[in-house]
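Asker: One structure is given below, represented as structure tokens, and several questions about it will come after.
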Amino acid sequence: MNSPSLSSRHPTALRLRRLCPVLSAALVPVVLLAGLYATRGVAPFGPNSLFFGDMDGQYSHFLADFSELFGRGLFYTWHKALGGEALSWAAYYLFSPFNFLVLLFPTAQMPTAVTLLTLAKAGCAGLSMNLFLRRRVGGWLPVPLSWAWALSGYLLGFSQNIMWMDALIALPLIAWGIRRILDGRSPWLYLLSLAAGIFCCYYIGWMLCLYSLLYFLFGLAGGSAAGHKGRAAGRFALASLLAGGLNAWMLLPVAKALGQGKAQAAMEWGFSTNFSFPQLLGQLFAGAYPAGQDTNTLPLIFCGTLPLVLAALFFLRPGPLRPKLAGGGLMVCLLCSFWLRAPDLVWHGFQSPSWFNYRYSFLFIFTLLELAALGGKGLAEHLSTIRRWAAPGLVALLLAAGWWLELVPGWAAALALCCLAAAVLLLTIPRRRAAALLAALCLTAELAANGWAALEAFEPFPSTLPQLTEQWQATVNEYSGQDPSARMQLAEGGQNTPFLLNYNGLSHYSSSYSEATYELMRALGCSGTSGWMSWADGLTQSTASLLGLRWQLGGTASGQWQQQGDVWENPCALPLVTAAAGTDSARLALDRPFDNLNQVYNTLLGEDAAILHSIETEPSVQGMEAGADGLHYTVTGENAALRFSLTAPVSGVLYASFPVYDQYCGADVLVDGEAAGQTLLQQSNGTLCLGSVQAGQTVTVELHPQADTLSLGGWSFAVEDSRALADACARLQQQGLQVETFAPGLVRGTIQVPQGCTTLFTSIPAEPGWQMLVDGEPVSTGTGWGALLTAQITPGEHQVTLCFTPAGLKAGTAVSLCSLGAAAAWLTARRLGHTAQKARPRSQKPL
């Protein structure tokens, strides 16, 4: 009698044995990455954090606001630069399902939450890659190649852009779904995984869509769909359209929102190249410079030496030529996209990336690893000695060239040589488990060393987020409760503290913004440029009042600000909506903040308010030579300075404006020989407060260059009459809206419009999607000074309601519902077809 088989005696053990490769593909990257974080003292293993670069200034603050998306702020937020639509911002940064993990942690523990998010995404990336490669080639190779995917140079270099890491999870599933279509099987895995990839981050979703098309076309060219190309192409096209259609409710509003800001940036087309092609040799091996540390970063395509050897073996081993041409063609296409300017712009959504170049480099890594899996498939098969040695020999030549060109660090070259030796053993004695284990261990060591180098370059440091939260959250809650519609601003802590502390602010920095709003704020003296708007102590009180800024947390303030401990209160702050004599639709000119402020106040009041009094002057130049335009100066001697002599026409606060456009040159500002505590730079190019003056007082202002050159866009000075400002604002405050309901995208209240006022003026950005109701009836809205929401109104008491719905949401929702119905109909038809096909043989009777 035969003994029972292993599967019958130990079914649980067999299942665990089959599950071990899958678990190791997910857990080994998590353990290895956690070990690296522990050695660098990253939370929860120490005081440091992963908050470097944009993770510190953007994503950590946005994640702290994640709970606001539920039931309140999905479509609008008051936290970014006077307020703005929220869907494009949330879709770019927060739609990853992993972010629900953040809800388990208080804001003060955000560094720990981000570490766990990163580890979870790395583990899931390894898991999805393993699932794809196991069905592609089988065997043991998918496990170490999954580690290479989850710990690639892309993941480590771009880890601060945590929302992009979801693409590393989605891509293997998308490719698996495409392979199923090419094999004549169901398209649903591709449809759902692509839809999920688009939803989690629409920006990287564009790259996933473009790569899916290339992957499918090269798959067809490689002969993967022989005999049913037309049917496969139809299923792929329909599934792709439905994946996009399911996300139309989000994509259409996002496209319209980006048209107000980021999409307005000019595209720099051309036939130029981005770098010298041999420079890519250094990116194939460990130690490549992490992304975001330099604007000239090369593509991050490192994934280990072993994958390079196996990918080379794919082209060298005997077999059909068409798959090799298809795989090589896809790699060449991606390499040319890196190298050439025009296709690089296409991958980046027809926009030049700001820092973080080659954001699609993970696609090359994926292609390389798939070819490596195919190259290593069936290593036990007979291969000639020449073919076995040619693959590591070719990689050795690439390594030698990179070393000779000084593109590969010494330690990385030594590690690569060890990995090459292990690869040689693997190829010459493929039946030995010891050789396979050695190759996997060498790959792991190489990945760990590269991770260590990446963290060394980023220099993790303790986050200030817990301290900011502890210091200011209670204060914010207290003052926000007094007037929920009023704005406040933390003097220090970054542009996105309104998201972190949950207040209505002025500053903001993200890829989702309104260019018209930013231009208006800069024209009024705020610091900023395309993409970011910053707070500075030097902002005039007239600007702060006009924009409804009631409280300043920390810092210093001049004029009539009233100090209450660490908080400054502005008694002149205007309400969110006020009745005015009129507005102007023309945009304000940049670099003329004082003239602009006078124009706005005079128009609102219908008379000359005499708030800001300009001082005309020309500088004396010392130790510098002026250019032909009188704005660009070159230092030629010692004690170089521009010196202005100013006589105050009235008593008040003296302000200056020095527009700076060169981010590499600035100046120190001195008043009567004393440092004014202000530094003139492009990043802080708003108005500067130079202190209080009395009528007739003469003040000397000096600019001392910090470099060999100084480039200005001009200069202007003015004295703000605090009494005139208080009188003007008191009138406008009496005509303000008494807010009864205030929520994201909703303002409702009562207003008493006096005689002589015909306009409702708001400090709300006039983005598409706003609807205004006066006494329950919709009214047409206009635009004040090219950026702010306005409307015509008659004198008397009125009930005013402002509500916001993202432009394109209704049309996008209709498309998504139609796509959902079409997908359901397609699924039903396929199931009915399969049922009929199975039933047909049963109904046929034998003769």
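Order determines the names: the first chain of the structure tokens is A, the second B, and so forth; residues in each chain are numbered 1 upward, and ligands are numbered 1 upward as they are shown.
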Can you tell me which residues surround range 783-798 of chain A at a distance of at most 8 Å, considering only C-alpha atoms, apart from same-chain residues fewer than 4 positions away, and format the answer as a VMD selection string?
Answerer: chain A and resid 516 to 517 520 583 to 588 750 to 767 774 to 775 779
Asker: Can you tell me which residues surround Ser614 in chain A at a distance of at most 7 Å, considering only C-alpha atoms, apart from same-chain residues fewer than 3 positions away, and format the answer as JSON, numbers by chain?
Answerer: {"A": [717, 718, 719]}
Asker: Measure the distance from CA of Arg550 in chain A to CA of Val653 in chain A in Å and round it to one decimal.
Answerer: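 A separation of 18.6 Å between them.
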Asker: Can you list, as a PyMOL selection string, all residues belonging to range 140-241 of chain A that DSSP tags as helix (DSSP H, G or I)?
Answerer: chain A and resi 142-150+153-157+162-182+188-200+202-221+229-241
Asker: Considering only C-alpha atoms, can you say which of A:Gly528, A:Gly821, A:Pro744, A:Gly494 comes closest to Val660 in chain A?
Answerer: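 Counting only C-alpha atoms, the residue closest to Val660 in chain A is A:Gly528.
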Asker: Fewer than 4 positions away in the same chain doesn't count, so skip those; otherwise give me all residues within 12 Å of range 670-672 of chain A, counting only C-alpha atoms, as an MDAnalysis selection string.
Answerer: chainID A and resid 641:646 654:656 676:680 688:693 697:705
Asker: Go ahead and save the residues from that selection, with N, CA, C and O atoms, as a tab-separated table (two decimals), in the first residue's frame.
Answerer:
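What follows is the written file result27.tsv:
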```tsv
chain	number	residue	atom	x	y	z
A	641	ALA	N	26.81	99.22	-2.17
A	641	ALA	CA	25.47	99.48	-1.64
A	641	ALA	C	24.69	100.37	-2.59
A	641	ALA	O	25.26	101.16	-3.36
A	642	LEU	N	23.36	100.20	-2.54
A	642	LEU	CA	22.42	101.18	-3.09
A	642	LEU	C	21.85	101.94	-1.91
A	642	LEU	O	21.36	101.33	-0.96
A	643	ARG	N	21.92	103.29	-1.97
A	643	ARG	CA	21.50	104.09	-0.82
A	643	ARG	C	20.36	105.01	-1.25
A	643	ARG	O	20.48	105.76	-2.22
A	644	PHE	N	19.24	104.94	-0.50
A	644	PHE	CA	18.07	105.77	-0.77
A	644	PHE	C	17.87	106.72	0.41
A	644	PHE	O	17.90	106.31	1.57
A	645	SER	N	17.62	107.98	0.11
A	645	SER	CA	17.30	108.97	1.13
A	645	SER	C	15.82	109.31	1.00
A	645	SER	O	15.36	109.76	-0.06
A	646	LEU	N	15.05	109.11	2.08
A	646	LEU	CA	13.60	109.24	2.04
A	646	LEU	C	13.13	110.23	3.10
A	646	LEU	O	13.60	110.20	4.24
A	654	LEU	N	6.56	103.00	7.36
A	654	LEU	CA	7.29	103.06	6.10
A	654	LEU	C	7.45	101.65	5.54
A	654	LEU	O	7.89	100.74	6.24
A	655	TYR	N	7.09	101.52	4.26
A	655	TYR	CA	7.22	100.24	3.57
A	655	TYR	C	8.03	100.43	2.30
A	655	TYR	O	8.06	101.53	1.72
A	656	ALA	N	8.68	99.34	1.88
A	656	ALA	CA	9.46	99.35	0.63
A	656	ALA	C	9.12	98.12	-0.19
A	656	ALA	O	8.69	97.09	0.34
A	676	ALA	N	17.69	95.96	9.28
A	676	ALA	CA	16.24	96.04	9.42
A	676	ALA	C	15.61	94.68	9.70
A	676	ALA	O	14.38	94.57	9.80
A	677	GLY	N	16.43	93.64	9.80
A	677	GLY	CA	15.89	92.30	10.02
A	677	GLY	C	15.22	91.73	8.79
A	677	GLY	O	14.43	90.79	8.90
A	678	GLN	N	15.51	92.30	7.64
A	678	GLN	CA	14.90	91.87	6.39
A	678	GLN	C	16.00	91.50	5.40
A	678	GLN	O	17.03	92.17	5.33
A	679	THR	N	15.78	90.44	4.67
A	679	THR	CA	16.69	90.02	3.62
A	679	THR	C	15.95	90.00	2.30
A	679	THR	O	14.85	89.44	2.21
A	680	LEU	N	16.53	90.61	1.31
A	680	LEU	CA	15.89	90.72	0.01
A	680	LEU	C	16.28	89.54	-0.86
A	680	LEU	O	17.44	89.35	-1.20
A	688	LEU	N	8.43	95.18	2.29
A	688	LEU	CA	9.25	95.14	3.50
A	688	LEU	C	8.81	96.25	4.42
A	688	LEU	O	8.63	97.40	3.99
A	689	CYS	N	8.64	95.94	5.69
A	689	CYS	CA	8.30	96.94	6.71
A	689	CYS	C	9.60	97.52	7.27
A	689	CYS	O	10.43	96.77	7.80
A	690	LEU	N	9.76	98.85	7.17
A	690	LEU	CA	11.00	99.50	7.60
A	690	LEU	C	10.81	100.31	8.88
A	690	LEU	O	11.69	101.06	9.27
A	691	GLY	N	9.64	100.19	9.53
A	691	GLY	CA	9.43	100.84	10.81
A	691	GLY	C	8.56	102.07	10.72
A	691	GLY	O	8.21	102.56	9.65
A	692	SER	N	8.21	102.60	11.89
A	692	SER	CA	7.36	103.78	11.98
A	692	SER	C	8.18	105.05	11.76
A	692	SER	O	9.36	105.14	12.15
A	693	VAL	N	7.55	106.05	11.13
A	693	VAL	CA	8.20	107.33	10.86
A	693	VAL	C	7.22	108.46	11.20
A	693	VAL	O	6.01	108.26	11.25
A	697	GLN	N	10.29	113.35	8.71
A	697	GLN	CA	11.50	112.62	9.13
A	697	GLN	C	12.23	112.07	7.91
A	697	GLN	O	11.61	111.56	6.97
A	698	THR	N	13.56	112.19	7.89
A	698	THR	CA	14.38	111.67	6.79
A	698	THR	C	15.02	110.36	7.23
A	698	THR	O	15.60	110.27	8.31
A	699	VAL	N	14.91	109.34	6.36
A	699	VAL	CA	15.40	108.00	6.66
A	699	VAL	C	16.31	107.56	5.51
A	699	VAL	O	16.02	107.84	4.33
A	700	THR	N	17.40	106.92	5.85
A	700	THR	CA	18.31	106.36	4.84
A	700	THR	C	18.15	104.85	4.79
A	700	THR	O	18.27	104.18	5.82
A	701	VAL	N	17.86	104.32	3.61
A	701	VAL	CA	17.70	102.89	3.40
A	701	VAL	C	18.80	102.41	2.47
A	701	VAL	O	19.03	103.01	1.41
A	702	GLU	N	19.49	101.32	2.87
A	702	GLU	CA	20.59	100.80	2.07
A	702	GLU	C	20.35	99.34	1.72
A	702	GLU	O	19.81	98.57	2.54
A	703	LEU	N	20.77	98.97	0.52
A	703	LEU	CA	20.79	97.57	0.09
A	703	LEU	C	22.24	97.16	-0.11
A	703	LEU	O	22.95	97.74	-0.92
A	704	HIS	N	22.67	96.15	0.65
A	704	HIS	CA	24.03	95.62	0.53
A	704	HIS	C	23.97	94.26	-0.16
A	704	HIS	O	23.44	93.30	0.43
A	705	PRO	N	24.51	94.14	-1.38
A	705	PRO	CA	24.42	92.87	-2.11
A	705	PRO	C	25.10	91.73	-1.36
A	705	PRO	O	26.14	91.92	-0.72
```
Asker: Could you state the separation of CA of Thr112 in chain A and CA of Phe461 in chain A in Å, given to one decimal place?
Answerer: 13.2 Å
Asker: For the structure I just gave you, how does DSSP split range 37-222 of chain A - specifically, which residues are strand (DSSP E)? Reply as JSON, numbers by chain.
Answerer: {"A": [76, 77, 84, 85]}
Asker: Take the residues just selected and output them with N, CA and C atoms as a JSON list (two decimals), in the first residue's frame.
Answerer:
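Ended up saving to again22.json:
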```
[["chain", "number", "residue", "atom", "x", "y", "z"],
["A", 76, "TYR", "N", -13.95, 71.84, -1.83],
["A", 76, "TYR", "CA", -13.42, 73.20, -1.60],
["A", 76, "TYR", "C", -12.68, 73.24, -0.27],
["A", 77, "THR", "N", -11.68, 74.11, -0.20],
["A", 77, "THR", "CA", -10.93, 74.29, 1.03],
["A", 77, "THR", "C", -10.62, 75.76, 1.22],
["A", 84, "GLY", "N", -9.86, 77.84, -2.31],
["A", 84, "GLY", "CA", -9.82, 77.34, -3.68],
["A", 84, "GLY", "C", -10.41, 75.95, -3.76],
["A", 85, "GLU", "N", -10.64, 75.51, -5.01],
["A", 85, "GLU", "CA", -11.19, 74.17, -5.20],
["A", 85, "GLU", "C", -10.23, 73.14, -4.64]]
```
Asker: Taking 4 positions as the minimum chain separation for residues in the same chain, which residues sit within 9 Å of Asn477 in chain A when counting only C-alpha atoms? Answer as a list in words.
Answerer: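 In the requested form, the answer reads Trp472, Gln473, Gly481, Gln482, Leu501, Asn502 and Tyr503 of chain A.
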Asker: Find the distance between CA of Leu631 in chain A and CA of Ser711 in chain A and write it in Å to one decimal.
Answerer: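 Taking CA of Leu631 in chain A and CA of Ser711 in chain A, their separation equals 6.0 Å.
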Asker: Skipping near chain neighbours, those fewer than 6 positions away, what residues fall within 9 Å of Ala728 in chain A using only C-alpha atoms, listed as an NGL selection string?
Answerer: :A and (572 or 601 or 605 or 609 or 611)
Asker: Extract, using only C-alpha atoms, all DNA, RNA and protein residues at most 12 Å from range 214-224 of chain A, discarding same-chain residues fewer than 4 positions from it, and format them as an NGL selection string.
Answerer: :A and (171-172 or 174-184 or 190 or 207-210 or 228-237 or 240 or 320-334 or 363-364 or 366-367 or 370)
Asker: Of the candidates A:Leu316, A:Arg487, A:Val621, A:Leu547, which one gets nearest to Glu638 in chain A if we count only C-alpha atoms?
Answerer: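 Ranked by minimum distance to Glu638 in chain A, first place goes to A:Val621.
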Asker: Which residue gives the smallest distance to Pro649 in chain A among A:Thr428, A:Gln694, A:Ser485, A:Ser463, with only C-alpha atoms counted?
Answerer: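 Of the candidates, the smallest distance to Pro649 in chain A is held by A:Gln694.
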Asker: Here is a test: counting only C-alpha atoms, which residue of A:Pro278, A:Pro409, A:Pro659, A:Pro462 is nearest to Met110 in chain A?
Answerer: A:Pro462
